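Peer 1: Contents are compact mmCIF, C-alpha atoms; file name work-v5.txt:
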# COMPACT_ATOMS: atom_id res chain seq x y z
CA MET A 24 51.57 67.78 70.27
CA ASP A 25 49.56 67.94 73.49
CA GLU A 26 50.05 66.27 76.86
CA HIS A 27 47.61 63.41 76.17
CA GLU A 28 49.18 62.49 72.84
CA VAL A 29 52.60 62.26 74.50
CA LEU A 30 51.17 60.12 77.30
CA GLU A 31 49.59 57.82 74.71
CA MET A 32 52.96 57.44 72.94
CA LEU A 33 54.57 56.43 76.22
CA LYS A 34 51.73 54.06 77.15
CA GLU A 35 52.26 52.25 73.85
CA LYS A 36 55.83 51.62 74.97
CA GLY A 37 54.58 50.06 78.19
CA VAL A 38 55.35 53.00 80.49
CA SER A 39 52.84 53.48 83.28
CA PHE A 40 52.58 56.61 85.38
CA LYS A 41 50.54 58.43 87.99
CA LYS A 42 49.55 62.11 87.94
CA ILE A 43 51.15 64.32 90.59
CA PRO A 44 48.14 66.14 92.11
CA TRP A 45 49.99 69.39 92.84
CA ALA A 46 51.99 69.66 89.58
CA ARG A 47 50.08 70.69 86.47
CA TYR A 48 52.15 68.69 84.00
CA GLY A 49 53.91 66.32 86.39
CA TYR A 50 53.69 62.52 86.39
CA VAL A 51 55.49 59.92 88.47
CA VAL A 52 56.68 56.96 86.42
CA GLU A 53 55.55 53.75 88.11
CA ASP A 54 56.72 51.16 85.63
CA GLU A 55 59.52 51.89 83.19
CA PRO A 56 60.30 48.90 80.95
CA ILE A 57 62.57 51.12 78.82
CA ASP A 58 65.10 53.79 79.78
CA LEU A 59 63.05 56.96 79.33
CA GLY A 60 66.21 59.03 78.99
CA LYS A 61 67.02 57.18 75.79
CA THR A 62 63.66 57.52 74.06
CA VAL A 63 62.78 59.63 71.03
CA GLU A 64 60.22 61.46 73.20
CA HIS A 65 62.98 62.57 75.55
CA MET A 66 65.39 63.55 72.79
CA LEU A 67 62.69 65.59 71.07
CA GLY A 68 61.86 67.45 74.27
CA LEU A 69 58.35 66.03 74.60
CA ILE A 70 59.20 64.90 78.13
CA TYR A 71 61.66 66.07 80.78
CA ILE A 72 62.86 63.77 83.52
CA GLN A 73 63.33 65.20 87.01
CA ALA A 74 62.65 64.39 90.63
CA PRO A 75 59.02 65.19 91.56
CA ILE A 76 59.79 67.45 94.53
CA SER A 77 62.03 69.58 92.27
CA MET A 78 58.83 70.71 90.58
CA VAL A 79 57.52 72.34 93.78
CA PRO A 80 59.32 75.73 93.50
CA VAL A 81 57.95 76.49 90.02
CA GLU A 82 54.45 75.39 91.01
CA VAL A 83 54.66 77.82 93.93
CA LEU A 84 56.05 80.57 91.65
CA ASN A 85 53.10 79.98 89.30
CA PRO A 86 54.33 81.89 86.23
CA LYS A 87 51.55 83.04 83.91
CA PRO A 88 51.62 83.60 80.14
CA GLY A 89 52.83 87.13 79.35
CA GLU A 90 54.96 87.57 82.47
CA LYS A 91 58.66 88.35 82.58
CA VAL A 92 60.36 85.71 84.71
CA LEU A 93 63.94 85.50 85.96
CA ASP A 94 65.51 82.20 86.98
CA LEU A 95 68.61 83.49 88.75
CA CYS A 96 70.49 80.17 89.23
CA ALA A 97 69.03 78.27 86.30
CA ALA A 98 71.44 75.49 85.22
CA PRO A 99 70.93 72.71 84.25
CA GLY A 100 67.45 73.95 83.38
CA SER A 101 64.88 71.62 84.98
CA LYS A 102 62.99 74.51 86.51
CA SER A 103 63.56 76.81 83.53
CA THR A 104 61.91 74.34 81.18
CA GLN A 105 59.02 74.00 83.63
CA ILE A 106 58.65 77.81 83.74
CA ALA A 107 58.76 77.94 79.93
CA GLN A 108 55.98 75.39 79.72
CA LEU A 109 53.76 77.44 82.03
CA LEU A 110 54.52 80.67 80.10
CA ASP A 111 53.22 78.90 77.00
CA GLY A 112 55.33 80.98 74.61
CA LEU A 113 54.07 84.32 75.94
CA GLY A 114 56.22 86.65 78.03
CA VAL A 115 59.96 86.22 78.50
CA LEU A 116 62.10 83.85 80.55
CA VAL A 117 65.61 84.93 81.52
CA ALA A 118 67.67 81.92 82.54
CA ASN A 119 70.94 82.88 84.22
CA ASP A 120 73.85 80.96 85.65
CA VAL A 121 77.34 81.82 86.77
CA SER A 122 79.15 78.77 85.33
CA PHE A 123 80.00 78.54 81.63
CA ASP A 124 79.94 74.73 81.62
CA ARG A 125 76.58 74.64 83.33
CA VAL A 126 75.16 77.24 80.94
CA LYS A 127 75.97 74.86 78.06
CA ALA A 128 73.77 72.18 79.63
CA LEU A 129 71.08 74.80 80.28
CA ALA A 130 71.16 75.92 76.62
CA SER A 131 70.87 72.32 75.39
CA ASN A 132 67.87 71.62 77.58
CA LEU A 133 66.07 74.81 76.56
CA GLN A 134 66.76 74.09 72.87
CA ARG A 135 65.49 70.52 73.24
CA PHE A 136 62.36 71.89 74.88
CA GLY A 137 61.81 74.35 71.99
CA VAL A 138 61.67 77.55 74.04
CA LEU A 139 61.46 80.64 71.80
CA ASN A 140 60.96 83.30 74.43
CA VAL A 141 64.16 82.74 76.42
CA ILE A 142 67.33 84.69 77.07
CA ILE A 143 70.29 82.80 78.49
CA THR A 144 72.73 84.93 80.44
CA LEU A 145 76.07 84.06 81.98
CA MET A 146 76.84 86.16 85.00
CA ASP A 147 77.05 86.38 88.75
CA GLY A 148 73.42 86.59 89.84
CA ARG A 149 74.36 89.08 92.55
CA LYS A 150 75.07 91.68 89.84
CA PHE A 151 71.69 91.41 88.13
CA PRO A 152 70.02 94.44 89.79
CA ARG A 153 72.65 96.74 88.25
CA PHE A 154 70.81 96.65 84.93
CA ALA A 155 67.55 94.79 85.58
CA ARG A 156 66.18 96.49 88.69
CA GLU A 157 62.38 96.15 89.02
CA CYS A 158 62.21 94.44 85.65
CA PHE A 159 60.54 91.09 86.38
CA ASP A 160 57.06 89.92 87.45
CA LYS A 161 58.43 86.71 88.97
CA VAL A 162 61.88 85.66 90.19
CA LEU A 163 63.05 82.18 91.13
CA VAL A 164 66.11 81.91 93.37
CA ASP A 165 66.92 78.20 93.44
CA ALA A 166 70.08 78.90 95.36
CA PRO A 167 73.26 76.80 95.46
CA CYS A 168 73.17 74.93 98.77
CA SER A 169 74.76 72.15 100.80
CA SER A 170 72.19 69.69 99.31
CA LEU A 171 71.37 67.79 102.50
CA GLY A 172 67.92 67.03 101.10
CA ILE A 173 69.37 64.68 98.47
CA VAL A 174 71.71 62.73 100.74
CA SER A 175 69.71 59.56 100.05
CA LYS A 176 70.85 59.80 96.41
CA ASN A 177 74.44 60.74 97.16
CA TRP A 178 75.93 59.80 100.50
CA GLY A 179 79.09 61.77 99.68
CA ILE A 180 77.17 64.98 100.40
CA ALA A 181 76.81 64.02 104.06
CA ARG A 182 80.50 63.17 104.32
CA SER A 183 81.62 66.52 102.95
CA TRP A 184 79.02 68.58 104.84
CA SER A 185 80.13 70.95 107.61
CA LEU A 186 78.59 73.88 109.48
CA GLU A 187 81.28 76.12 107.98
CA LEU A 188 80.13 75.11 104.48
CA ALA A 189 76.51 75.91 105.38
CA LYS A 190 77.52 79.31 106.79
CA ARG A 191 79.63 80.14 103.75
CA LEU A 192 76.78 79.23 101.41
CA SER A 193 74.36 81.18 103.58
CA LYS A 194 76.34 84.36 102.87
CA LEU A 195 76.04 83.79 99.11
CA GLN A 196 72.34 82.90 99.41
CA ARG A 197 71.64 86.15 101.28
CA GLN A 198 73.25 88.19 98.53
CA LEU A 199 71.41 86.24 95.84
CA ILE A 200 67.99 86.65 97.45
CA LEU A 201 68.52 90.42 97.84
CA ALA A 202 69.58 90.66 94.19
CA GLY A 203 66.58 88.61 93.07
CA PHE A 204 64.20 90.71 95.18
CA ASP A 205 65.61 93.97 93.76
CA CYS A 206 64.94 92.68 90.23
CA LEU A 207 61.23 92.28 91.06
CA LYS A 208 58.65 94.82 89.96
CA PRO A 209 56.44 96.14 92.79
CA GLY A 210 53.62 93.62 93.15
CA GLY A 211 55.86 90.85 91.83
CA GLU A 212 56.67 87.57 93.56
CA LEU A 213 59.88 85.75 94.38
CA VAL A 214 60.30 82.11 95.28
CA TYR A 215 63.38 81.06 97.21
CA ALA A 216 64.21 77.36 97.24
CA THR A 217 67.01 75.07 98.33
CA CYS A 218 67.38 71.31 98.50
CA THR A 219 68.91 71.49 101.94
CA LEU A 220 67.57 71.45 105.49
CA THR A 221 69.83 73.72 107.55
CA VAL A 222 68.22 76.78 109.14
CA GLU A 223 71.27 78.88 108.19
CA GLU A 224 70.61 78.31 104.50
CA ASN A 225 66.84 78.60 104.70
CA GLU A 226 64.88 80.50 107.37
CA MET A 227 67.84 82.73 108.26
CA VAL A 228 68.21 83.78 104.62
CA ILE A 229 64.54 84.79 104.48
CA GLN A 230 64.85 86.55 107.85
CA TYR A 231 67.80 88.51 106.39
CA LEU A 232 65.65 89.61 103.43
CA LEU A 233 62.73 90.62 105.68
CA GLU A 234 65.08 92.72 107.83
CA ARG A 235 66.64 94.50 104.85
CA ARG A 236 63.66 95.05 102.59
CA GLU A 237 60.60 96.53 104.28
CA ASN A 238 58.37 95.80 101.31
CA ALA A 239 59.11 92.06 101.41
CA VAL A 240 56.07 90.11 102.62
CA LEU A 241 55.87 86.35 103.11
CA LYS A 242 52.92 84.57 101.49
CA GLU A 243 51.19 81.29 102.33
CA ILE A 244 51.96 78.21 100.22
CA ASP A 245 49.25 75.69 99.42
CA LEU A 246 50.02 72.48 97.59
CA PRO A 247 47.26 69.84 97.87
CA SER A 248 48.26 66.28 98.81
CA LEU A 249 51.90 67.14 99.39
CA ARG A 250 53.18 66.46 102.89
CA TYR A 251 55.24 69.29 104.34
CA ARG A 252 55.77 71.22 107.56
CA CYS A 253 55.99 74.90 108.51
CA GLY A 254 59.24 76.85 108.60
CA ILE A 255 61.19 77.01 111.88
CA VAL A 256 60.70 80.15 114.01
CA GLU A 257 62.95 79.30 116.95
CA TRP A 258 66.45 77.97 116.55
CA ASP A 259 69.49 77.62 118.81
CA GLY A 260 67.92 79.85 121.48
CA MET A 261 67.15 82.51 118.89
CA LYS A 262 63.64 83.74 118.06
CA LEU A 263 63.07 84.29 114.35
CA ASP A 264 60.24 86.20 112.64
CA GLU A 265 56.88 84.49 113.29
CA GLU A 266 55.99 84.99 109.63
CA LEU A 267 58.56 82.33 108.72
CA GLU A 268 55.87 79.78 109.58
CA LYS A 269 54.48 80.54 106.12
CA THR A 270 57.55 79.00 104.49
CA ILE A 271 57.61 75.23 104.00
CA ARG A 272 60.04 72.42 104.77
CA ILE A 273 59.64 69.19 102.87
CA MET A 274 61.53 66.47 104.69
CA PRO A 275 62.84 63.47 102.71
CA TYR A 276 60.71 61.07 104.78
CA ASP A 277 57.52 63.14 104.27
CA ASN A 278 57.03 61.96 100.70
CA TRP A 279 59.83 59.41 100.34
CA ALA A 280 61.56 61.82 97.99
CA GLU A 281 64.09 64.66 98.26
CA GLY A 282 64.09 67.30 100.98
CA PHE A 283 63.32 70.89 100.00
CA TYR A 284 62.75 74.30 101.56
CA VAL A 285 60.52 76.80 99.75
CA ALA A 286 59.53 80.38 100.59
CA ARG A 287 57.20 82.67 98.65
CA VAL A 288 57.79 86.39 99.05
CA SER A 289 55.90 89.25 97.42
CA LYS A 290 57.09 92.79 96.87
CA GLU A 291 54.52 95.25 98.13
CA GLY A 292 53.73 98.45 96.31
CA GLY A 293 52.11 97.20 93.09
CA SER A 294 48.51 97.75 92.03
CA MET B 1 74.28 88.23 67.30
CA LYS B 2 72.80 90.36 64.57
CA LEU B 3 69.29 90.77 63.20
CA LEU B 4 68.69 89.54 59.67
CA SER B 5 68.28 92.44 57.24
CA PRO B 6 65.02 92.56 55.21
CA ARG B 7 67.04 91.49 52.14
CA GLU B 8 68.55 88.49 53.93
CA ARG B 9 65.14 87.55 55.28
CA ARG B 10 63.61 87.71 51.81
CA PHE B 11 66.40 85.48 50.49
CA LEU B 12 65.73 82.98 53.26
CA GLU B 13 61.99 82.99 52.63
CA ASN B 14 62.57 82.39 48.92
CA ARG B 15 64.92 79.50 49.63
CA LEU B 16 62.49 77.93 52.11
CA ARG B 17 59.75 78.24 49.50
CA SER B 18 61.76 76.61 46.74
CA LEU B 19 63.31 73.87 48.91
CA TYR B 20 60.48 72.95 51.26
CA GLY B 21 57.41 74.63 49.75
CA VAL B 22 57.03 76.83 52.82
CA GLU B 23 54.75 79.79 52.08
CA ALA B 24 54.62 81.63 55.40
CA CYS B 25 57.57 81.30 57.70
CA PHE B 26 58.44 82.67 61.12
CA ASN B 27 56.10 85.61 60.48
CA ALA B 28 55.72 86.94 64.00
CA LEU B 29 59.29 86.11 64.96
CA ILE B 30 62.60 87.90 64.80
CA LEU B 31 65.43 86.07 63.04
CA ILE B 32 68.97 86.50 64.32
CA LYS B 33 72.29 85.57 62.73
CA CYS B 34 74.68 83.86 65.07
CA GLY B 35 78.00 82.79 63.82
CA ARG B 36 78.40 82.71 60.06
CA ARG B 37 75.62 80.44 58.98
CA ARG B 38 73.34 79.78 61.89
CA ILE B 39 69.96 81.41 62.39
CA ARG B 40 68.00 81.67 65.62
CA ALA B 41 64.38 82.73 66.08
CA ALA B 42 62.97 84.69 69.01
CA THR B 43 59.93 86.77 69.91
CA LYS B 44 60.06 90.57 69.64
CA GLU B 45 59.57 90.96 73.38
CA THR B 46 62.52 88.65 74.06
CA MET B 47 64.76 90.75 71.83
CA GLU B 48 63.66 93.97 73.53
CA LEU B 49 64.45 92.64 76.98
CA ALA B 50 67.78 91.17 75.83
CA SER B 51 68.94 94.61 74.68
CA ARG B 52 68.67 95.75 78.30
CA LEU B 53 70.59 92.86 79.84
CA ARG B 54 74.30 92.06 80.12
CA GLY B 55 76.07 88.73 79.67
CA VAL B 56 73.60 87.45 77.08
CA GLN B 57 74.84 84.12 75.70
CA GLN B 58 71.89 83.01 73.63
CA LEU B 59 68.51 84.20 72.57
CA GLY B 60 65.52 82.16 71.46
CA LEU B 61 65.83 78.98 69.47
CA TYR B 62 68.34 77.68 66.92
CA VAL B 63 66.22 77.01 63.83
CA MET B 64 68.44 76.53 60.79
CA LYS B 65 71.82 76.55 59.14
CA ILE B 66 72.51 77.95 55.69
CA SER B 67 75.22 76.39 53.57
CA ASP B 68 75.77 77.42 49.95
CA GLY B 69 72.16 78.47 49.57
CA ASP B 70 70.81 75.21 51.02
CA ILE B 71 68.96 75.20 54.31
CA SER B 72 69.27 72.59 57.01
CA LEU B 73 66.46 72.89 59.55
CA SER B 74 67.01 71.97 63.19
CA VAL B 75 64.49 69.69 64.92
CA GLU B 76 62.82 72.71 66.49
CA GLY B 77 63.06 74.77 63.29
CA SER B 78 61.15 72.10 61.37
CA GLN B 79 58.59 71.81 64.16
CA LEU B 80 58.04 75.59 64.09
CA LEU B 81 57.20 75.30 60.40
CA ASP B 82 54.78 72.47 61.22
CA GLY B 83 52.14 72.14 58.52
CA GLU B 84 53.97 74.53 56.18
CA ILE B 85 56.61 72.08 54.92
CA LYS B 86 55.30 70.45 51.75
CA ASP B 87 58.30 69.42 49.65
CA ASN B 88 61.44 67.45 50.38
CA VAL B 89 59.83 65.56 53.26
CA ILE B 90 60.55 61.92 53.99
CA GLU B 91 57.99 59.92 56.00
CA LEU B 92 59.83 57.63 58.40
CA ASP B 93 58.74 54.42 60.07
CA GLU B 94 59.50 53.56 63.70
CA GLU B 95 62.72 51.76 62.87
CA GLN B 96 63.96 54.64 60.72
CA VAL B 97 63.11 57.14 63.48
CA GLU B 98 65.42 55.25 65.85
CA LYS B 99 68.17 55.38 63.23
CA TRP B 100 67.48 59.06 62.53
CA MET B 101 67.80 59.98 66.21
CA LYS B 102 71.02 57.99 66.41
CA ALA B 103 72.29 59.86 63.30
CA ILE B 104 72.75 56.56 61.45
CA PRO B 105 72.55 57.00 57.64
CA ILE B 106 69.26 55.88 56.08
CA LYS B 107 68.97 54.41 52.61
CA THR B 108 66.51 56.09 50.25
CA GLU B 109 65.35 55.22 46.74
CA LYS B 110 63.81 58.59 45.98
CA THR B 111 65.64 61.59 44.56
CA TYR B 112 65.27 64.96 46.17
CA ARG B 113 65.70 68.55 45.10
CA GLY B 114 68.45 70.28 47.07
CA ARG B 115 70.93 68.82 49.51
CA TYR B 116 68.62 68.44 52.50
CA VAL B 117 65.33 66.70 53.32
CA VAL B 118 63.14 66.94 56.40
CA GLY B 119 62.22 63.81 58.35
CA LYS B 120 58.67 63.25 59.56
CA PHE B 121 57.19 60.62 61.84
CA ASN B 122 53.42 60.78 62.45
CA HIS B 123 52.95 64.47 63.30
CA LEU B 124 56.52 65.05 64.42
CA TYR B 125 59.17 66.75 62.35
CA LEU B 126 62.71 65.64 63.11
CA GLY B 127 64.89 68.24 61.42
CA SER B 128 66.96 67.85 58.26
CA ALA B 129 69.17 65.14 56.82
CA ARG B 130 71.82 65.67 54.16
CA VAL B 131 71.22 63.77 50.95
CA SER B 132 74.32 62.10 49.56
CA ARG B 133 74.91 61.10 45.95
CA ASN B 134 74.92 57.39 46.84
CA GLY B 135 71.29 57.56 48.04
CA LEU B 136 71.97 57.82 51.76
CA LEU B 137 70.43 60.34 54.13
CA TYR B 138 72.67 61.65 56.90
CA PRO B 139 70.45 63.00 59.71
CA GLN B 140 71.82 66.27 61.12
CA ILE B 141 71.19 65.44 64.76
CA PRO B 142 73.72 67.13 67.06
CA LYS B 143 75.84 64.75 69.15
CA TRP B 144 74.36 65.89 72.45
CA ARG B 145 70.84 64.86 71.54
CA ARG B 146 71.46 61.59 69.79
CA ILE B 147 69.97 58.43 71.29
CA PRO B 148 72.97 56.50 72.63
Translate this structure into structure tokens?

Peer 2:
Amino acid sequence: MDEHEVLEMLKEKGVSFKKIPWARYGYVVEDEPIDLGKTVEHMLGLIYIQAPISMVPVEVLNPKPGEKVLDLCAAPGSKSTQIAQLLDGLGVLVANDVSFDRVKALASNLQRFGVLNVIITLMDGRKFPRFARECFDKVLVDAPCSSLGIVSKNWGIARSWSLELAKRLSKLQRQLILAGFDCLKPGGELVYATCTLTVEENEMVIQYLLERRENAVLKEIDLPSLRYRCGIVEWDGMKLDEELEKTIRIMPYDNWAEGFYVARVSKEGGS
Amino acid sequence: MKLLSPRERRFLENRLRSLYGVEACFNALILIKCGRRRIRAATKETMELASRLRGVQQLGLYVMKISDGDISLSVEGSQLLDGEIKDNVIELDEEQVEKWMKAIPIKTEKTYRGRYVVGKFNHLYLGSARVSRNGLLYPQIPKWRRIP
């Protein structure tokens, strides 16, 4: 069943939507007379419900049919299903997570979506290069973060936030991005994303990668009609790498949606 | 997880032919046994990469369950065989689809060969339902994907 047939089915139920210009299969629901999460279309995996800005990292990653793609922190699977759709059944998707409970949700979502070319692994993402070094064409590191970008949905996040938490997570994020980068084939691309806004968890993580891996090169990101700003290159009296301007910060008030940080890094040395 | 032997695969193909009239099934795919009766399907490339990785929990897609020679197809399993399933199919109307996805038993007047039938709504296959002796169909929709 193709995209238009599914849209027709939803239209018949009175659902109206608008195409997201920068997401190939993304639509924003404008009028929802029924709970979409309780429809047959949802249960059959014809549609997947997620926040629009969450689709940005995979659009930037741009997986192509035939590629081997690693989603290092995959659960609950919103981005994995999006990757699978773009792979179109060709190539392989490895969806990994460290939590057993979260992997169960990931497996359910990938089953519902009918993904044949997927491997679900349960392990600490930091250990992946031990057996999958230079194995993947694309790697997504959607790292665990302090989630400041979704405070508008959950005020509790702001109450429990602290600089110590951000610094502790930053340590984990640095190890994850190095692991993800080491799993890339030369010429491959990695996308790092968080739904938080602190420099410690974003630009400083990328700076750490650039300092430790000489063949890591930042790439420009271009998403038409999406409002975003450049990455920060000066913070707390400290000058960061000028190249960090190529990374993007999406502030919650830019699009009246969640906040996100996204960086696109390529591994030099491929043909 | 273990690959299906050629003999087991032949048995499965024969059963699918006699129960659902399926002539060609899962040709380009690898079939894997997981647990005692469950079968998953994956691409060759996926299997090759999985052999290199650690911590593999699942591979490919759950497509069917075998019980006493009968085959119950999952929603995705029946959709993979799209166009191939000819026998033991029940065409559902909109109201029955709702019931099916809520795993509510559906009354049927027809008699079917075997213990399972496949549900179909327009072009969509909805997996198998168990046929009971009292003429009720029990859709095999797992709890996690039922419409509440």

Peer 1: Which chain B residues are at most 9 Å from chain A (counting all atoms listed in the file), as JSON, numbers by chain?

Peer 2: {"B": [41, 42, 43, 44, 45, 46, 47, 49, 50, 52, 53, 54, 55, 56, 57, 58, 59, 60, 61, 62, 75, 76, 77, 79, 80, 97, 98, 101, 123, 124, 126, 144, 145, 146, 147, 148]}

Peer 1: Need the neighbours of (77.8, 75.3, 52.1): which residues are at most 12 Å away, counting all atoms listed in the file, as a PyMOL selection string?

Peer 2: chain B and resi 36-38+65-72+114-116+130

Peer 1: Within 8 Å of (49.1, 68.0, 93.0) (file coordinates; all atoms listed in the file), which protein or nucleic acid residues are there? I'd like them as a VMD selection string.

Peer 2: chain A and resid 42 to 47 246 to 249

Peer 1: Could you write out the selected residues, including C-alpha atoms, as a JSON list (two decimals), in the frame of the given file?

Peer 2:
[["chain", "number", "residue", "atom", "x", "y", "z"],
["A", 42, "LYS", "CA", 49.55, 62.11, 87.94],
["A", 43, "ILE", "CA", 51.15, 64.32, 90.59],
["A", 44, "PRO", "CA", 48.14, 66.14, 92.11],
["A", 45, "TRP", "CA", 49.99, 69.39, 92.84],
["A", 46, "ALA", "CA", 51.99, 69.66, 89.58],
["A", 47, "ARG", "CA", 50.08, 70.69, 86.47],
["A", 246, "LEU", "CA", 50.02, 72.48, 97.59],
["A", 247, "PRO", "CA", 47.26, 69.84, 97.87],
["A", 248, "SER", "CA", 48.26, 66.28, 98.81],
["A", 249, "LEU", "CA", 51.90, 67.14, 99.39]]

Peer 1: Take CA of Cys96 (chain A) and CA of Asp120 (chain A) and report the distance between them in Å, one decimal.

Peer 2: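 Computed distance, CA of Cys96 (chain A) to CA of Asp120 (chain A), equals 5.0 Å.
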
Peer 1: If I take CA of Gly127 (chain B) and CA of Met64 (chain B), how far is one from the other in Å, to one decimal?

Peer 2: 9.0 Å

Peer 1: Near Met1 (chain B), within 8 Å and counting all atoms listed in the file, which residues show up once chain neighbours fewer than 3 positions away are dropped, as a list in words?

Peer 2: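 My reading of the contact set: Ile32, Lys33, Cys34 and Gly35 of chain B.
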
Peer 1: Quick one: distance from CA of Lys86 (chain B) to CA of Gln108 (chain A) in Å, one decimal?

Peer 2: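 Between CA of Lys86 (chain B) and CA of Gln108 (chain A) the gap works out to 28.4 Å.
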
Peer 1: Compile the contact shell of Arg149 (chain A) as a list in words: residues with an atom at most 10 Å away, counting all atoms listed in the file, same-chain residues fewer than 3 positions apart removed.

Peer 2: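 What passes the distance filter is Leu95, Val121, Met146, Pro152, Arg153, Leu195, Gln196, Arg197, Gln198, Leu199, Ile200, Leu201, Ala202 and Gly203 of chain A.
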
Peer 1: Pro6 (chain B): which residues within 12 Å, counting only C-alpha atoms, same-chain residues fewer than 4 positions away excluded, as a ChimeraX atom specification?

Peer 2: /B:10-13,30-32

Peer 1: Quick one: residues within 8 Å of Val222 (chain A), all atoms listed in the file counted, chain neighbours fewer than 3 positions away excluded, as a list of chain:residue names?

Peer 2: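 Everything that qualifies: A:Asn225, A:Glu226, A:Met227, A:Ile255, A:Trp258.
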
Peer 1: Between A:Ala166, A:Leu220, A:Leu267, A:Val92, which has the minimum distance to Cys206 (chain A) (counting only C-alpha atoms)?

Peer 2: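 Residue with the minimum atom-to-atom distance to Cys206 (chain A): A:Val92.
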
Peer 1: Would you mind telling me which residue in B:Lys110, B:Lys143, B:Arg40, B:Arg133 lies nearest to Glu91 (chain B) when using all atoms listed in the file?

Peer 2: B:Lys110

Peer 1: Write out as number ranges by chain which residues come within 7 Å of Leu19 (chain B) when counting all atoms listed in the file, dropping same-chain ones fewer than 3 positions away.

Peer 2: B: 15-16, 87-88, 113-114

Peer 1: Counting only C-alpha atoms, which residue out of A:Asn177, A:Thr219, A:Ser289, A:Asn238 sits closest to Leu163 (chain A)?

Peer 2: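 Going through A:Asn177, A:Thr219, A:Ser289, A:Asn238 one by one, the smallest distance to Leu163 (chain A) is for A:Ser289.
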
Peer 1: Which one of A:Ile57, A:Thr221, A:Leu213, A:Ala239 sits closest to Trp184 (chain A) if you count all atoms listed in the file?

Peer 2: A:Thr221
